[in-house]
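For reference, run_35.txt is printed below; it contains compact mmCIF, C-alpha atoms.
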```txt
# COMPACT_ATOMS: atom_id res chain seq x y z
CA MET A 1 146.89 182.83 -63.26
CA GLN A 2 150.44 183.82 -62.32
CA THR A 3 149.11 185.95 -59.47
CA ARG A 4 147.13 182.98 -58.10
CA VAL A 5 150.22 180.74 -58.22
CA ILE A 6 152.23 183.33 -56.30
CA GLN A 7 149.45 183.68 -53.73
CA THR A 8 149.23 179.92 -53.30
CA SER A 9 153.01 179.66 -52.88
CA CYS A 10 153.03 182.42 -50.31
CA LEU A 11 150.22 180.74 -48.40
CA ALA A 12 152.10 177.41 -48.39
CA LEU A 13 155.24 179.13 -47.19
CA TRP A 14 153.32 180.88 -44.42
CA ILE A 15 151.71 177.62 -43.29
CA SER A 16 155.10 175.90 -43.29
CA SER A 17 156.62 178.73 -41.25
CA CYS A 18 153.80 178.54 -38.75
CA ALA A 19 154.27 174.78 -38.39
CA ILE A 20 158.00 175.21 -37.74
CA ALA A 21 157.37 177.98 -35.22
CA LEU A 22 154.76 175.85 -33.47
CA ALA A 23 157.19 172.93 -33.21
CA VAL A 24 159.89 175.23 -31.79
CA ASP A 25 157.43 176.65 -29.27
CA GLN A 26 156.31 173.15 -28.25
CA ASN A 27 159.91 172.03 -27.70
CA MET A 28 160.64 175.12 -25.62
CA THR A 29 157.47 174.70 -23.60
CA ARG A 30 158.43 171.09 -22.93
CA ALA A 31 162.02 172.11 -22.09
CA LEU A 32 160.87 174.65 -19.52
CA GLN A 33 158.49 172.10 -18.02
CA LEU A 34 161.30 169.56 -17.59
CA MET A 35 163.53 172.25 -16.08
CA SER A 36 160.81 173.00 -13.54
CA GLU A 37 160.83 169.34 -12.49
CA THR A 38 164.58 168.62 -12.48
CA PRO A 39 167.32 171.10 -11.54
CA LEU A 40 169.68 172.23 -14.26
CA ILE A 41 173.05 171.61 -12.58
CA ASP A 42 175.97 173.29 -14.33
CA GLY A 43 179.44 171.97 -13.58
CA HIS A 44 181.55 175.08 -14.08
CA ASN A 45 181.05 178.85 -14.00
CA ASP A 46 183.85 181.41 -13.54
CA LEU A 47 181.81 184.35 -12.28
CA PRO A 48 183.96 184.44 -9.10
CA TRP A 49 187.06 184.97 -11.24
CA GLN A 50 185.32 187.82 -13.06
CA LEU A 51 184.54 189.37 -9.67
CA ARG A 52 188.27 189.32 -8.91
CA LYS A 53 189.36 190.53 -12.35
CA GLN A 54 186.84 193.33 -12.62
CA PHE A 55 186.31 194.35 -9.00
CA ASN A 56 189.16 192.78 -6.98
CA ASN A 57 186.45 190.84 -5.11
CA GLU A 58 184.93 194.05 -3.70
CA LEU A 59 181.46 192.60 -3.84
CA ASN A 60 179.99 195.65 -2.11
CA LYS A 61 180.70 197.59 -5.31
CA VAL A 62 178.81 195.10 -7.49
CA ASP A 63 175.10 194.61 -8.09
CA LEU A 64 174.53 191.16 -9.60
CA ASN A 65 171.02 192.26 -10.55
CA THR A 66 172.37 194.81 -13.03
CA LEU A 67 175.93 193.62 -13.82
CA ALA A 68 176.26 193.78 -17.61
CA THR A 69 179.91 192.83 -18.20
CA THR A 70 179.61 189.10 -17.57
CA HIS A 71 177.83 186.07 -19.02
CA THR A 72 176.18 185.60 -15.63
CA ASN A 73 173.95 187.81 -13.51
CA ILE A 74 170.79 187.24 -11.50
CA PRO A 75 168.25 188.01 -14.26
CA LYS A 76 170.16 185.73 -16.66
CA ILE A 77 170.29 183.00 -14.02
CA LYS A 78 166.52 183.18 -13.55
CA GLU A 79 165.79 183.26 -17.28
CA GLY A 80 168.16 180.32 -17.79
CA ARG A 81 166.40 178.29 -15.05
CA LEU A 82 169.74 177.55 -13.34
CA GLY A 83 168.95 175.11 -10.56
CA ALA A 84 172.45 174.55 -9.20
CA GLN A 85 175.89 175.87 -10.03
CA PHE A 86 179.40 174.74 -9.19
CA TRP A 87 181.13 178.12 -8.91
CA SER A 88 184.80 177.87 -9.79
CA ALA A 89 187.36 178.93 -7.20
CA TYR A 90 190.05 179.46 -9.83
CA VAL A 91 193.40 181.22 -9.62
CA PRO A 92 195.99 181.21 -12.43
CA CYS A 93 198.92 178.82 -12.67
CA GLU A 94 201.23 181.81 -12.16
CA THR A 95 200.27 181.67 -8.46
CA GLN A 96 201.77 178.18 -8.07
CA TYR A 97 204.61 178.13 -5.49
CA LYS A 98 203.60 181.68 -4.52
CA ASP A 99 200.20 182.75 -3.15
CA ALA A 100 197.86 180.17 -4.73
CA VAL A 101 196.39 179.03 -1.41
CA ARG A 102 195.62 182.56 -0.23
CA GLN A 103 194.07 183.57 -3.52
CA THR A 104 191.99 180.39 -3.66
CA LEU A 105 190.70 181.00 -0.13
CA GLU A 106 189.68 184.48 -1.26
CA GLN A 107 187.75 182.95 -4.19
CA ILE A 108 186.01 180.57 -1.80
CA ASP A 109 185.20 183.53 0.41
CA VAL A 110 183.64 185.53 -2.42
CA VAL A 111 181.25 182.66 -3.22
CA HIS A 112 180.15 182.56 0.42
CA ARG A 113 179.68 186.33 0.43
CA MET A 114 177.71 186.17 -2.82
CA CYS A 115 175.27 183.75 -1.20
CA GLN A 116 175.02 185.95 1.89
CA LYS A 117 174.39 189.12 -0.14
CA TYR A 118 171.66 187.57 -2.32
CA PRO A 119 169.91 185.00 -0.07
CA GLU A 120 166.71 185.27 -2.09
CA THR A 121 168.57 183.93 -5.16
CA PHE A 122 171.43 181.73 -3.90
CA MET A 123 171.61 179.01 -1.28
CA PHE A 124 175.02 177.64 -0.37
CA ALA A 125 175.06 173.86 -0.77
CA THR A 126 177.51 171.04 -0.10
CA SER A 127 175.48 167.88 -0.73
CA SER A 128 173.02 166.25 -3.11
CA ASP A 129 170.21 166.74 -0.57
CA GLU A 130 170.98 170.45 -0.25
CA ILE A 131 170.84 170.86 -4.03
CA MET A 132 167.30 169.54 -3.98
CA ASP A 133 166.43 171.64 -0.91
CA ALA A 134 167.48 174.78 -2.78
CA PHE A 135 165.62 173.71 -5.93
CA ASN A 136 162.43 173.14 -3.96
CA MET A 137 162.82 176.65 -2.50
CA ASN A 138 163.23 178.10 -6.02
CA LYS A 139 166.83 179.13 -5.30
CA THR A 140 170.05 178.36 -7.15
CA ALA A 141 172.10 175.88 -5.12
CA SER A 142 175.64 177.24 -4.98
CA LEU A 143 178.52 174.80 -4.68
CA ILE A 144 182.27 175.34 -4.99
CA GLY A 145 184.81 173.56 -7.15
CA VAL A 146 188.51 174.41 -6.94
CA GLU A 147 189.96 174.51 -10.45
CA GLY A 148 193.53 173.32 -10.31
CA GLY A 149 195.62 171.23 -7.92
CA HIS A 150 198.16 174.05 -7.70
CA SER A 151 195.65 175.69 -5.33
CA LEU A 152 196.55 173.09 -2.67
CA ASP A 153 200.30 173.79 -2.64
CA SER A 154 200.70 169.99 -2.49
CA SER A 155 199.11 169.76 0.96
CA LEU A 156 196.54 167.21 2.11
CA GLY A 157 195.84 169.48 5.07
CA THR A 158 194.90 172.25 2.66
CA LEU A 159 192.66 169.82 0.75
CA ARG A 160 190.82 168.96 3.97
CA THR A 161 190.55 172.59 5.03
CA MET A 162 189.00 173.53 1.69
CA TYR A 163 186.56 170.63 2.01
CA HIS A 164 185.51 171.95 5.43
CA LEU A 165 184.97 175.37 3.82
CA GLY A 166 182.49 173.78 1.41
CA VAL A 167 184.60 172.81 -1.61
CA ARG A 168 183.06 169.74 -3.23
CA TYR A 169 185.27 169.13 -6.25
CA LEU A 170 188.91 169.56 -7.14
CA THR A 171 190.10 169.75 -10.74
CA LEU A 172 193.40 167.90 -10.40
CA THR A 173 195.30 170.31 -12.65
CA HIS A 174 194.65 173.44 -14.61
CA SER A 175 196.95 174.20 -17.57
CA CYS A 176 200.16 173.46 -15.69
CA ASN A 177 201.73 170.43 -14.08
CA THR A 178 201.65 170.23 -10.32
CA PRO A 179 204.36 168.46 -8.31
CA TRP A 180 202.15 165.37 -8.41
CA ALA A 181 200.06 165.36 -11.65
CA ASP A 182 200.48 166.06 -15.38
CA ASN A 183 198.16 168.49 -17.16
CA TRP A 184 196.50 168.23 -20.59
CA LEU A 185 199.20 170.25 -22.37
CA VAL A 186 201.52 167.25 -21.97
CA ASP A 187 199.31 165.41 -24.48
CA THR A 188 199.84 168.22 -27.01
CA GLY A 189 203.63 167.81 -26.79
CA SER A 190 204.05 171.43 -25.67
CA GLU A 191 205.02 170.45 -22.12
CA PRO A 192 207.00 167.46 -20.84
CA SER A 193 205.49 164.79 -18.61
CA GLN A 194 206.89 165.05 -15.10
CA HIS A 195 205.14 162.16 -13.41
CA ASN A 196 203.94 159.66 -16.01
CA GLY A 197 200.48 160.80 -14.98
CA LEU A 198 200.19 160.77 -11.21
CA SER A 199 203.09 160.64 -8.76
CA PRO A 200 202.84 158.49 -5.61
CA PHE A 201 201.64 161.58 -3.73
CA GLY A 202 199.04 162.18 -6.45
CA LYS A 203 197.69 158.70 -5.80
CA GLN A 204 197.61 159.42 -2.07
CA LEU A 205 195.52 162.48 -2.84
CA ILE A 206 192.97 160.43 -4.84
CA VAL A 207 192.49 158.10 -1.87
CA GLU A 208 192.06 161.05 0.48
CA MET A 209 189.50 162.68 -1.82
CA ASN A 210 187.51 159.42 -1.80
CA ARG A 211 187.69 159.38 2.01
CA LEU A 212 186.54 163.00 2.29
CA GLY A 213 183.74 162.71 -0.25
CA MET A 214 185.20 165.24 -2.67
CA LEU A 215 184.41 164.86 -6.36
CA ILE A 216 187.48 164.19 -8.53
CA ASP A 217 187.40 166.41 -11.62
CA LEU A 218 189.42 165.16 -14.60
CA ALA A 219 188.96 168.18 -16.85
CA HIS A 220 192.42 169.55 -17.74
CA VAL A 221 194.45 166.36 -17.10
CA THR A 222 196.27 164.01 -19.47
CA GLU A 223 194.68 160.83 -20.78
CA GLN A 224 197.10 158.87 -18.62
CA VAL A 225 195.86 160.63 -15.48
CA MET A 226 192.26 160.03 -16.59
CA ASN A 227 192.90 156.30 -16.83
CA GLN A 228 194.95 156.07 -13.65
CA VAL A 229 192.19 157.74 -11.64
CA LEU A 230 189.51 155.61 -13.28
CA ASP A 231 191.57 152.57 -12.30
CA MET A 232 191.92 153.47 -8.63
CA SER A 233 189.07 155.73 -7.51
CA LYS A 234 186.35 153.99 -5.54
CA ALA A 235 183.94 156.80 -6.38
CA PRO A 236 182.77 157.93 -9.82
CA VAL A 237 184.57 160.90 -11.36
CA ILE A 238 183.44 164.03 -13.15
CA PHE A 239 184.65 166.07 -16.09
CA SER A 240 183.21 169.41 -14.99
CA HIS A 241 183.66 171.20 -18.34
CA SER A 242 184.91 169.00 -21.20
CA SER A 243 183.43 167.91 -24.52
CA ALA A 244 183.83 164.98 -26.96
CA TYR A 245 187.24 164.53 -28.59
CA THR A 246 185.86 162.70 -31.62
CA VAL A 247 183.65 165.68 -32.48
CA CYS A 248 186.42 168.22 -31.85
CA PRO A 249 189.91 166.70 -31.49
CA HIS A 250 191.19 169.11 -28.85
CA LYS A 251 193.21 167.62 -25.98
CA ARG A 252 190.91 169.28 -23.44
CA ASN A 253 188.15 166.97 -24.66
CA VAL A 254 187.40 163.36 -23.72
CA PRO A 255 188.26 160.49 -26.12
CA ASP A 256 185.75 157.73 -26.81
CA ASP A 257 187.62 155.03 -24.89
CA VAL A 258 187.52 157.22 -21.78
CA LEU A 259 183.83 158.02 -22.33
CA ILE A 260 183.18 154.28 -22.26
CA ARG A 261 185.14 153.93 -19.03
CA VAL A 262 183.24 156.83 -17.48
CA ASN A 263 180.04 154.96 -18.28
CA GLN A 264 181.43 151.75 -16.78
CA THR A 265 182.33 153.58 -13.56
CA ARG A 266 179.09 155.63 -13.54
CA GLY A 267 180.72 159.05 -13.77
CA ILE A 268 179.73 162.13 -15.76
CA VAL A 269 181.05 164.35 -18.57
CA MET A 270 179.61 167.87 -18.42
CA VAL A 271 179.76 169.39 -21.88
CA ASN A 272 181.76 172.61 -22.34
CA PHE A 273 180.36 175.41 -24.57
CA TYR A 274 183.68 177.09 -25.46
CA ASN A 275 183.85 177.40 -29.26
CA ASP A 276 187.42 176.12 -29.40
CA TYR A 277 186.36 172.88 -27.69
CA VAL A 278 183.07 172.62 -29.61
CA THR A 279 184.22 173.01 -33.23
CA CYS A 280 187.99 173.43 -32.80
CA SER A 281 187.53 176.87 -34.39
CA LYS A 282 186.65 180.40 -33.35
CA THR A 283 182.97 180.05 -34.25
CA ALA A 284 180.23 177.62 -33.25
CA THR A 285 176.48 177.32 -32.95
CA LEU A 286 174.08 175.83 -30.45
CA SER A 287 173.59 172.93 -32.88
CA ASP A 288 177.32 172.18 -32.74
CA VAL A 289 177.10 171.85 -28.96
CA ALA A 290 174.13 169.51 -29.32
CA ASP A 291 176.32 167.35 -31.59
CA HIS A 292 178.57 166.68 -28.58
CA PHE A 293 175.58 165.64 -26.50
CA ASP A 294 174.46 163.31 -29.28
CA HIS A 295 177.93 161.79 -29.70
CA ILE A 296 178.45 161.12 -26.00
CA LYS A 297 174.99 159.59 -25.80
CA LYS A 298 175.76 157.36 -28.80
CA VAL A 299 179.11 156.18 -27.42
CA ALA A 300 178.40 155.89 -23.70
CA GLY A 301 174.72 156.56 -23.09
CA SER A 302 172.70 159.47 -21.77
CA GLY A 303 173.58 158.43 -18.22
CA ILE A 304 176.99 160.13 -18.27
CA ILE A 305 176.05 163.52 -19.75
CA GLY A 306 175.73 166.88 -18.05
CA PHE A 307 176.04 170.62 -18.67
CA GLY A 308 179.36 172.38 -18.04
CA GLY A 309 179.05 175.68 -19.87
CA ASP A 310 182.27 177.38 -18.67
CA TYR A 311 180.48 180.73 -18.72
CA ASP A 312 182.65 183.69 -17.68
CA GLY A 313 185.75 181.56 -18.12
CA VAL A 314 185.88 181.71 -21.92
CA THR A 315 185.94 184.44 -24.55
CA ARG A 316 183.99 182.78 -27.38
CA LEU A 317 180.57 181.15 -27.08
CA PRO A 318 178.25 179.60 -29.68
CA VAL A 319 175.51 181.53 -31.41
CA GLY A 320 172.39 180.71 -29.41
CA LEU A 321 174.31 180.12 -26.14
CA GLU A 322 175.76 183.58 -25.59
CA ASP A 323 175.10 183.70 -21.85
CA VAL A 324 173.55 181.75 -18.98
CA SER A 325 170.01 182.77 -19.96
CA LYS A 326 170.22 180.83 -23.23
CA VAL A 327 170.60 177.29 -21.88
CA PRO A 328 166.89 176.42 -22.30
CA ASN A 329 167.49 176.78 -26.06
CA LEU A 330 169.89 173.84 -25.90
CA VAL A 331 167.42 171.75 -23.91
CA ALA A 332 164.77 172.45 -26.55
CA GLU A 333 167.22 171.46 -29.28
CA LEU A 334 167.87 168.09 -27.62
CA LEU A 335 164.12 167.49 -27.52
CA ARG A 336 163.85 168.46 -31.18
CA ARG A 337 166.50 165.82 -31.92
CA GLY A 338 164.41 163.11 -30.32
CA TRP A 339 165.78 162.94 -26.79
CA SER A 340 163.22 161.52 -24.38
CA ASP A 341 162.05 163.38 -21.30
CA GLU A 342 164.00 160.99 -19.07
CA GLU A 343 167.20 161.39 -21.09
CA VAL A 344 166.93 165.18 -20.88
CA LYS A 345 166.25 165.06 -17.14
CA ASP A 346 169.29 162.83 -16.68
CA ALA A 347 171.48 165.36 -18.47
CA LEU A 348 169.91 168.34 -16.68
CA GLY A 349 170.74 167.15 -13.20
CA ASN A 350 169.85 163.58 -12.35
CA ASN A 351 173.19 162.23 -13.54
CA LEU A 352 175.16 164.65 -11.38
CA LEU A 353 172.92 163.96 -8.39
CA ARG A 354 173.51 160.22 -8.82
CA VAL A 355 177.29 160.74 -9.01
CA MET A 356 177.28 162.97 -5.95
CA ARG A 357 175.21 160.52 -3.94
CA LYS A 358 177.63 157.72 -4.80
CA VAL A 359 180.60 159.89 -3.77
CA GLU A 360 178.82 160.55 -0.46
CA GLU A 361 178.15 156.81 -0.08
CA VAL A 362 181.86 155.99 -0.62
CA ARG A 363 182.77 158.68 1.92
CA ASP A 364 180.45 157.12 4.48
CA SER A 365 181.91 153.65 3.82
CA MET A 366 185.41 155.02 4.53
CA SER A 367 184.45 157.05 7.60
CA ALA A 368 186.40 154.79 9.94
CA GLY A 369 189.64 155.63 8.14
CA MET A 370 192.02 158.23 9.54
CA PRO A 371 193.06 161.30 7.54
CA ASP A 372 196.27 160.77 5.57
CA ASP A 373 198.84 163.04 7.21
CA VAL A 374 201.98 161.92 5.37
CA PRO A 375 203.28 164.96 3.47
CA ILE A 376 204.67 165.09 -0.03
CA PRO A 377 208.45 164.48 -0.07
CA TYR A 378 210.23 167.79 0.37
CA ASP A 379 212.50 167.23 -2.62
CA GLU A 380 209.38 167.20 -4.85
CA VAL A 381 208.28 170.67 -3.75
CA LYS A 382 211.52 172.34 -2.78
CA ASN A 383 211.71 175.93 -4.04
CA THR A 384 212.80 179.35 -2.83
CA CYS A 385 209.31 180.21 -1.54
CA ARG A 386 208.94 177.10 0.62
CA THR A 387 210.41 176.33 4.04
CA SER A 388 211.29 172.84 5.22
CA PHE A 389 209.96 172.98 8.78
CA GLY A 390 208.95 169.52 9.93
CA TYR A 391 210.98 167.59 7.35
CA PRO A 392 213.82 165.76 9.17
CA ASP A 393 215.46 164.51 5.97
CA ALA A 394 214.16 164.01 2.45
CA GLY A 395 215.28 160.39 2.03
CA ALA A 396 213.33 159.13 5.02
CA VAL A 397 210.26 161.03 3.94
CA HIS A 398 210.35 159.35 0.51
CA THR A 399 210.33 155.91 2.17
CA VAL A 400 207.46 156.77 4.49
CA SER A 401 205.45 158.32 1.66
CA ALA A 402 205.60 155.15 -0.45
CA ALA A 403 204.67 153.02 2.54
CA ALA A 404 201.79 155.37 3.35
CA LEU A 405 200.42 155.03 -0.17
CA LEU A 406 200.52 151.23 0.02
CA LEU A 407 198.77 151.31 3.40
CA ALA A 408 196.10 153.72 2.13
CA LEU A 409 195.40 151.57 -0.92
CA ALA A 410 195.25 148.43 1.23
CA LEU A 411 192.78 150.04 3.64
CA GLN A 412 190.68 151.23 0.71
CA ALA A 413 190.57 147.71 -0.70
CA CYS A 414 189.43 146.39 2.67
CA VAL A 415 186.35 148.60 2.75
CA SER A 416 185.29 147.72 -0.79
```
Written form, structure tokens:
Amino acid sequence: MQTRVIQTSCLALWISSCAIALAVDQNMTRALQLMSETPLIDGHNDLPWQLRKQFNNELNKVDLNTLATTHTNIPKIKEGRLGAQFWSAYVPCETQYKDAVRQTLEQIDVVHRMCQKYPETFMFATSSDEIMDAFNMNKTASLIGVEGGHSLDSSLGTLRTMYHLGVRYLTLTHSCNTPWADNWLVDTGSEPSQHNGLSPFGKQLIVEMNRLGMLIDLAHVTEQVMNQVLDMSKAPVIFSHSSAYTVCPHKRNVPDDVLIRVNQTRGIVMVNFYNDYVTCSKTATLSDVADHFDHIKKVAGSGIIGFGGDYDGVTRLPVGLEDVSKVPNLVAELLRRGWSDEEVKDALGNNLLRVMRKVEEVRDSMSAGMPDDVPIPYDEVKNTCRTSFGYPDAGAVHTVSAAALLLALALQACVS
């Protein structure tokens, strides 16, 4: 009798295990189907920085088919069904006032060279249409985002030049203030505010980014900067790699009131996978990341959510999301939690495509406007590594700069 009970129990356990496995398989099958129909667009990957750190950008010495020291390589990209990637052109804050522009140009260059070396895998892209062109060719659309306003050296001319080189978003700060914007560390109390958010030149830069059609990335800035940009930008914004503050109260994450405003302005928050931003601890799981997706959806709807893994830019990743190949596991988890096909497809890529198309629409509506060529006041950038050629006197420049901002804002209002 006891033997029969044990056998019956084992059979029930086996049947239950089979049912769970079948459900998991069905969710994964459905996830892969959705990813074949809609491109997975990831907002932030630091592989270019790893190429500098590990190989000094000597791409000829690297084989991305076999590279085993990064979260990202070509086999992992294919297994992860990566449809489009914003590659980060990042250089550290230590380069500010020194060689930030040169180093950033070199990071832009390495992305271009990566696409040229592996044309069967990557297609360089600068627009929403080109993302879909690459996806339809079964290639990973490769876009560039510059991570940190220090990379501009406070120059609108540098901003425009980088746009012409294919850069399609700028993260306004990294983890340091620029001469025109405060970074997220100000909100922790570890650094002082220098600008009460954005300086007048910072506001000029927002207008010029709208005119160019460059996505404004609010990852890494203070809440005050978030709200100032949401107040004034004519185009929707992105958070390329940030998570939900209510789930993990880290100042790199996005508070609920800002999530609501992002929804109202039709922007996007692309969820970061870094353990410290997921659970505010050293460890995390795939389920913890899904909690951020669920929370953002609950507060502001599925229409503002995206993926922003931060692969190769972080040292700790959740169990189940250890590298780029694992992202389908997260898609399957969202389906297991009851997300509809349309909600998942929005998060995969449709939300980012909508944002990008709107940014392009705003650019086209401002095409009659002239580039803003009024420089930042010299007193705001004066240092031993900077010359003053072209600045007649600082006082006059301050006056012109304020007038230029008012004119730019007035012109922007006229085209709305």
Item to check | Contacts of Cys385 in chain A at 12 Å (all atoms listed in the file; same-chain gap of 4+ positions) as number ranges by chain | outcome: A: 95-100, 153, 381
Test item: residues at most 6 Å from Ala332 in chain A, all atoms listed in the file, excluding those fewer than 4 positions along its chain, as a PyMOL selection string = chain A and resi 27-28+31
Find the residues with any atom within 8 Å of (167.4, 182.2, -1.0); use only C-alpha atoms and the coordinates as given in the file, and write the answer as a short mmCIF file (atom, residue, chain, number, x, y, z; two decimals) with C-alpha atoms, in the frame of the given file.
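Written file, selection_13.cif:
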```
data_model
loop_
_atom_site.label_atom_id
_atom_site.label_comp_id
_atom_site.auth_asym_id
_atom_site.auth_seq_id
_atom_site.Cartn_x
_atom_site.Cartn_y
_atom_site.Cartn_z
CA TYR A 118 171.66 187.57 -2.32
CA PRO A 119 169.91 185.00 -0.07
CA GLU A 120 166.71 185.27 -2.09
CA THR A 121 168.57 183.93 -5.16
CA PHE A 122 171.43 181.73 -3.90
CA MET A 123 171.61 179.01 -1.28
CA ALA A 134 167.48 174.78 -2.78
CA MET A 137 162.82 176.65 -2.50
CA ASN A 138 163.23 178.10 -6.02
CA LYS A 139 166.83 179.13 -5.30
CA THR A 140 170.05 178.36 -7.15
#
```
note - CA of Gly349 in chain A and CA of Asn253 in chain A are separated by 20.8 Å
Report the distance between CA of Leu215 in chain A and CA of Pro236 in chain A in Å, rounded to one decimal place.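 Separation of CA of Leu215 in chain A and CA of Pro236 in chain A: 7.9 Å.
The gap separating CA of Tyr277 in chain A from CA of Leu353 in chain A is 25.2 Å, in Å to one decimal.
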Nearest residue to Gly202 in chain A out of A:Val278, A:Ala141, A:Ile376, A:Met114, using all atoms listed in the file?
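Among A:Val278, A:Ala141, A:Ile376, A:Met114, it is A:Ile376 that comes nearest to Gly202 in chain A.
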So which one's closest to Asp364 in chain A, A:Leu212, A:Val271, A:Val324, A:Leu64? Using all atoms listed in the file, please.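 Distance minimum relative to Asp364 in chain A lands on A:Leu212.
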Selection: 10 Å around Asp231 in chain A, all atoms listed in the file, excl. self and same-chain fewer than 6 positions, as a ChimeraX atom specification: /A:225,261,265
- Item | Nearest residue to Glu333 in chain A from the set A:Arg211, A:Leu286, A:Thr38, A:Met356 (distances using all atoms listed in the file) |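 Using all atoms listed in the file, Glu333 in chain A sits closest to A:Leu286.
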In terms of all atoms listed in the file, the residue from A:Gly390, A:Gly83, A:Gly267, A:Pro371 at minimal distance from Arg354 in chain A is A:Gly267
With distances taken over all atoms listed in the file, the candidate from A:Thr387, A:Asn45, A:Asn196, A:Asn351 nearest Ile304 in chain A is A:Asn351
Q.
Residues near Ser240 in chain A, anyone? I mean within 8 Å using only C-alpha atoms, not counting same-chain ones fewer than 5 positions away, as JSON, numbers by chain.
A. {"A": [43, 44, 217, 218, 219, 269, 270, 271, 308]}
Which residues of range 292-407 of chain A come within 12 Å of range 169-192 of chain A, and what is each one's closest atom pair and distance in Å (one decimal), counting only C-alpha atoms, sorted by chain and residue number, as a tab-separated table?
```
residue	atom	partner	partner_atom	distance
A:Val355	CA	A:Tyr169	CA	11.9
A:Met356	CA	A:Tyr169	CA	10.1
A:Val359	CA	A:Tyr169	CA	10.6
A:Pro375	CA	A:Trp180	CA	11.9
A:Ile376	CA	A:Trp180	CA	8.8
A:Pro377	CA	A:Pro179	CA	10.0
A:Tyr378	CA	A:Pro179	CA	10.5
A:Asp379	CA	A:Pro179	CA	10.0
A:Glu380	CA	A:Pro179	CA	6.2
A:Val381	CA	A:Pro179	CA	6.4
A:Lys382	CA	A:Pro179	CA	9.8
A:Asn383	CA	A:Pro179	CA	11.3
```
Just to be explicit: take each residue in the selection above, keep C-alpha atoms, and write the result as a CSV table (one decimal), in the coordinates of the input.
```csv
chain,number,residue,atom,x,y,z
A,355,VAL,CA,177.3,160.7,-9.0
A,356,MET,CA,177.3,163.0,-6.0
A,359,VAL,CA,180.6,159.9,-3.8
A,375,PRO,CA,203.3,165.0,3.5
A,376,ILE,CA,204.7,165.1,0.0
A,377,PRO,CA,208.4,164.5,-0.1
A,378,TYR,CA,210.2,167.8,0.4
A,379,ASP,CA,212.5,167.2,-2.6
A,380,GLU,CA,209.4,167.2,-4.8
A,381,VAL,CA,208.3,170.7,-3.8
A,382,LYS,CA,211.5,172.3,-2.8
A,383,ASN,CA,211.7,175.9,-4.0
```
| message | List as a ChimeraX atom specification the residues having at least one atom at most 12 Å from position (178.0, 163.7, -34.8) as given in the file, counting all atoms listed in the file. | response | /A:244-248,278-279,287-299
- Task: Point out the residue among A:Lys358, A:Lys326, A:Arg316, A:His195 with the least atom-to-atom distance to Ile77 in chain A, counting only C-alpha atoms.
- Result: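 With only C-alpha atoms as the atom set, the closest residue is A:Lys326.
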Might you pull out every residue within 8 Å of Leu152 in chain A, with all atoms listed in the file counted and same-chain residues fewer than 5 positions away left off, and present them as a ChimeraX atom specification?
/A:100-101,158-159
Rebuild range 294-305 of chain A to N, CA and C atoms - output it as a short mmCIF file (atom, residue, chain, number, x, y, z; two decimals), in the frame of the given file, please.
```
data_model
loop_
_atom_site.label_atom_id
_atom_site.label_comp_id
_atom_site.auth_asym_id
_atom_site.auth_seq_id
_atom_site.Cartn_x
_atom_site.Cartn_y
_atom_site.Cartn_z
N ASP A 294 174.86 164.48 -28.50
CA ASP A 294 174.46 163.31 -29.28
C ASP A 294 175.58 162.27 -29.35
N HIS A 295 176.81 162.73 -29.56
CA HIS A 295 177.93 161.79 -29.70
C HIS A 295 178.18 161.05 -28.39
N ILE A 296 178.21 161.78 -27.29
CA ILE A 296 178.45 161.12 -26.00
C ILE A 296 177.34 160.12 -25.70
N LYS A 297 176.11 160.51 -26.00
CA LYS A 297 174.99 159.59 -25.80
C LYS A 297 175.15 158.34 -26.65
N LYS A 298 175.58 158.50 -27.90
CA LYS A 298 175.76 157.36 -28.80
C LYS A 298 176.85 156.42 -28.31
N VAL A 299 177.95 156.99 -27.83
CA VAL A 299 179.11 156.18 -27.42
C VAL A 299 178.94 155.56 -26.04
N ALA A 300 178.40 156.34 -25.10
CA ALA A 300 178.40 155.89 -23.70
C ALA A 300 177.07 156.03 -23.00
N GLY A 301 176.04 156.49 -23.70
CA GLY A 301 174.72 156.56 -23.09
C GLY A 301 174.42 157.91 -22.48
N SER A 302 173.14 158.18 -22.33
CA SER A 302 172.70 159.47 -21.77
C SER A 302 172.99 159.56 -20.28
N GLY A 303 173.35 158.44 -19.67
CA GLY A 303 173.58 158.43 -18.22
C GLY A 303 174.88 159.05 -17.77
N ILE A 304 175.73 159.50 -18.71
CA ILE A 304 176.99 160.13 -18.27
C ILE A 304 177.07 161.60 -18.68
N ILE A 305 175.98 162.17 -19.17
CA ILE A 305 176.05 163.52 -19.75
C ILE A 305 175.53 164.57 -18.79
#
```
